[in-house]
$ cat entry-v7.cif   # mmCIF, C-alpha atoms
data_my_file
#
loop_
_atom_site.label_atom_id
_atom_site.label_comp_id
_atom_site.auth_asym_id
_atom_site.auth_seq_id
_atom_site.Cartn_x
_atom_site.Cartn_y
_atom_site.Cartn_z
CA MET A 1 -44.20 39.81 232.33
CA ALA A 2 -46.52 41.59 229.87
CA LYS A 3 -49.99 40.22 229.34
CA LYS A 4 -50.62 38.75 225.88
CA ILE A 5 -52.98 40.84 223.74
CA PRO A 6 -55.36 38.76 221.58
CA MET A 7 -55.08 39.70 217.90
CA ARG A 8 -57.71 39.25 215.18
CA MET A 9 -57.77 39.92 211.42
CA CYS A 10 -60.17 42.36 209.78
CA VAL A 11 -62.09 40.62 206.97
CA ALA A 12 -61.91 43.74 204.77
CA CYS A 13 -58.36 45.11 205.03
CA ARG A 14 -56.78 41.84 206.29
CA ASN A 15 -54.73 43.69 208.94
CA MET A 16 -54.08 42.12 212.33
CA LYS A 17 -55.25 44.34 215.19
CA PRO A 18 -55.98 43.91 218.88
CA LYS A 19 -59.34 42.26 219.40
CA SER A 20 -60.56 45.24 221.45
CA GLU A 21 -60.15 47.61 218.45
CA LEU A 22 -62.37 45.54 216.13
CA ILE A 23 -66.12 44.97 215.85
CA ARG A 24 -67.30 41.35 216.01
CA ILE A 25 -70.11 40.50 213.62
CA VAL A 26 -71.96 37.26 214.42
CA ARG A 27 -74.23 34.89 212.52
CA THR A 28 -76.38 33.42 215.26
CA PRO A 29 -77.52 29.77 215.20
CA GLU A 30 -80.91 31.09 214.02
CA GLY A 31 -79.23 32.67 210.95
CA GLU A 32 -79.54 36.29 212.11
CA VAL A 33 -76.55 38.63 211.56
CA VAL A 34 -75.82 40.98 214.48
CA ALA A 35 -72.96 43.05 215.83
CA GLY A 36 -71.70 41.14 218.86
CA VAL A 37 -71.37 43.38 221.88
CA GLY A 38 -68.49 42.35 224.13
CA GLY A 39 -67.73 39.19 222.17
CA LYS A 40 -70.26 37.16 224.16
CA VAL A 41 -72.84 36.44 221.45
CA ASN A 42 -72.89 32.78 220.40
CA GLY A 43 -72.43 31.92 216.74
CA ARG A 44 -69.98 32.18 213.86
CA GLY A 45 -68.02 35.41 214.16
CA ALA A 46 -65.97 37.68 211.94
CA TYR A 47 -64.07 40.83 212.84
CA ILE A 48 -64.01 44.18 211.04
CA CYS A 49 -62.22 47.46 211.75
CA ASN A 50 -64.16 50.24 213.41
CA ASP A 51 -63.68 52.32 210.24
CA VAL A 52 -66.20 53.37 207.58
CA ALA A 53 -63.70 52.63 204.77
CA CYS A 54 -63.30 49.01 205.91
CA ILE A 55 -67.05 48.55 206.25
CA GLU A 56 -67.61 49.90 202.73
CA LYS A 57 -64.86 47.63 201.37
CA ALA A 58 -66.42 44.59 203.06
CA GLU A 59 -69.79 45.50 201.58
CA LYS A 60 -68.37 46.00 198.08
CA THR A 61 -66.28 42.81 198.02
CA GLY A 62 -68.69 40.61 199.97
CA ALA A 63 -65.93 39.69 202.45
CA LEU A 64 -68.26 39.71 205.45
CA SER A 65 -70.81 37.51 203.67
CA ARG A 66 -68.08 34.99 202.80
CA ALA A 67 -66.67 34.97 206.32
CA LEU A 68 -70.11 34.40 207.88
CA ASP A 69 -71.21 32.02 205.11
CA THR A 70 -74.54 33.85 204.72
CA ALA A 71 -75.96 36.93 203.00
CA VAL A 72 -75.50 40.12 205.04
CA ASP A 73 -78.35 42.61 204.77
CA LYS A 74 -77.68 46.22 203.73
CA ALA A 75 -79.25 47.34 207.03
CA VAL A 76 -76.40 45.67 208.95
CA TYR A 77 -73.83 47.66 206.97
CA ALA A 78 -75.84 50.87 207.50
CA ASP A 79 -75.94 50.27 211.27
CA LEU A 80 -72.18 49.61 211.34
CA LYS A 81 -71.46 52.81 209.41
CA LYS A 82 -73.73 54.83 211.67
CA GLY A 83 -71.96 53.42 214.74
CA CYS A 84 -68.52 54.29 213.34
CA GLU A 85 -69.53 57.81 212.43
CA SER A 86 -70.91 58.44 215.92
CA LEU A 87 -67.62 57.28 217.47
CA GLU A 88 -65.57 59.59 215.24
CA LYS A 89 -67.41 62.70 216.49
#
$ encode --input "entry-v7.cif" --output "structure tokens"
Amino acid sequence: MAKKIPMRMCVACRNMKPKSELIRIVRTPEGEVVAGVGGKVNGRGAYICNDVACIEKAEKTGALSRALDTAVDKAVYADLKKGCESLEK
């Protein structure tokens, strides 16, 4: 019997993808917004594709801010874009 693959929805493109292909962004209990490494960071989470186009769309539409119910700093988006670009190379 095949093992069930957990699926999550990207907040930008609204596509369902395996959890392992997405980046988890977390608003910690202290109100800080961080990229959750390994899905172990406590707090309210949202998932986004590991794609620069999705990150730019989330920034433009404010989808990530709505999902986390807090303002997301431009530096967070810049770090996400930098991380995606380094993976593409």
$ atom_distance --input "entry-v7.cif" --atom1 "CA of Met9 in chain A" --atom2 "CA of Asp69 in chain A"
16.8 Å
$ residues_near_point --input "entry-v7.cif" --point "(-65.6, 31.9, 207.1)" --cutoff "9 Å" --atoms "only C-alpha atoms" --output "ChimeraX atom specification"
/A:44-46,64-69
$ resolve_selection --input "entry-v7.cif" --expression "the PyMOL selection byres ((chain A and resi 28) around 8)" --output "PyMOL selection string"
chain A and resi 26-27+29-34+41-44
$ closest_residue --input "entry-v7.cif" --among "A:Cys84, A:Asp79, A:Lys74, A:Asp51" --to "Ala12 in chain A" --atoms "all atoms listed in the file"
A:Asp51
$ resolve_selection --input "entry-v7.cif" --expression "the PyMOL selection byres ((chain A and resi 7) around 10)" --output "number ranges by chain"
A: 4-6, 8-10, 15-22
$ write_last_selection --input "entry-v7.cif" --atoms "C-alpha atoms" --output "short mmCIF file (atom, residue, chain, number, x, y, z; two decimals), in the coordinates of the input"
data_model
loop_
_atom_site.label_atom_id
_atom_site.label_comp_id
_atom_site.auth_asym_id
_atom_site.auth_seq_id
_atom_site.Cartn_x
_atom_site.Cartn_y
_atom_site.Cartn_z
CA LYS A 4 -50.62 38.75 225.88
CA ILE A 5 -52.98 40.84 223.74
CA PRO A 6 -55.36 38.76 221.58
CA ARG A 8 -57.71 39.25 215.18
CA MET A 9 -57.77 39.92 211.42
CA CYS A 10 -60.17 42.36 209.78
CA ASN A 15 -54.73 43.69 208.94
CA MET A 16 -54.08 42.12 212.33
CA LYS A 17 -55.25 44.34 215.19
CA PRO A 18 -55.98 43.91 218.88
CA LYS A 19 -59.34 42.26 219.40
CA SER A 20 -60.56 45.24 221.45
CA GLU A 21 -60.15 47.61 218.45
CA LEU A 22 -62.37 45.54 216.13
#
$ atom_distance --input "entry-v7.cif" --atom1 "CA of Val72 in chain A" --atom2 "CA of Glu59 in chain A"
8.6 Å
$ closest_residue --input "entry-v7.cif" --among "A:Thr70, A:Thr61, A:Tyr77, A:Val11" --to "Cys49 in chain A" --atoms "all atoms listed in the file"
A:Val11
$ atom_distance --input "entry-v7.cif" --atom1 "CA of Lys40 in chain A" --atom2 "CA of Ala58 in chain A"
22.7 Å
$ axis_aligned_box --input "entry-v7.cif" --around "range 3-19 of chain A" --padding-each-side "8 Å" --output "AutoDock Vina command-line options"
--center_x -56.0 --center_y 41.9 --center_z 217.1 --size_x 28.1 --size_y 22.4 --size_z 40.6
$ closest_residue --input "entry-v7.cif" --among "A:Ser86, A:Ala75, A:Cys13, A:Met1" --to "Cys54 in chain A" --atoms "only C-alpha atoms"
A:Cys13
$ closest_residue --input "entry-v7.cif" --among "A:Ala2, A:Ile48, A:Ala71, A:Ala53" --to "Glu85 in chain A" --atoms "all atoms listed in the file"
A:Ala53
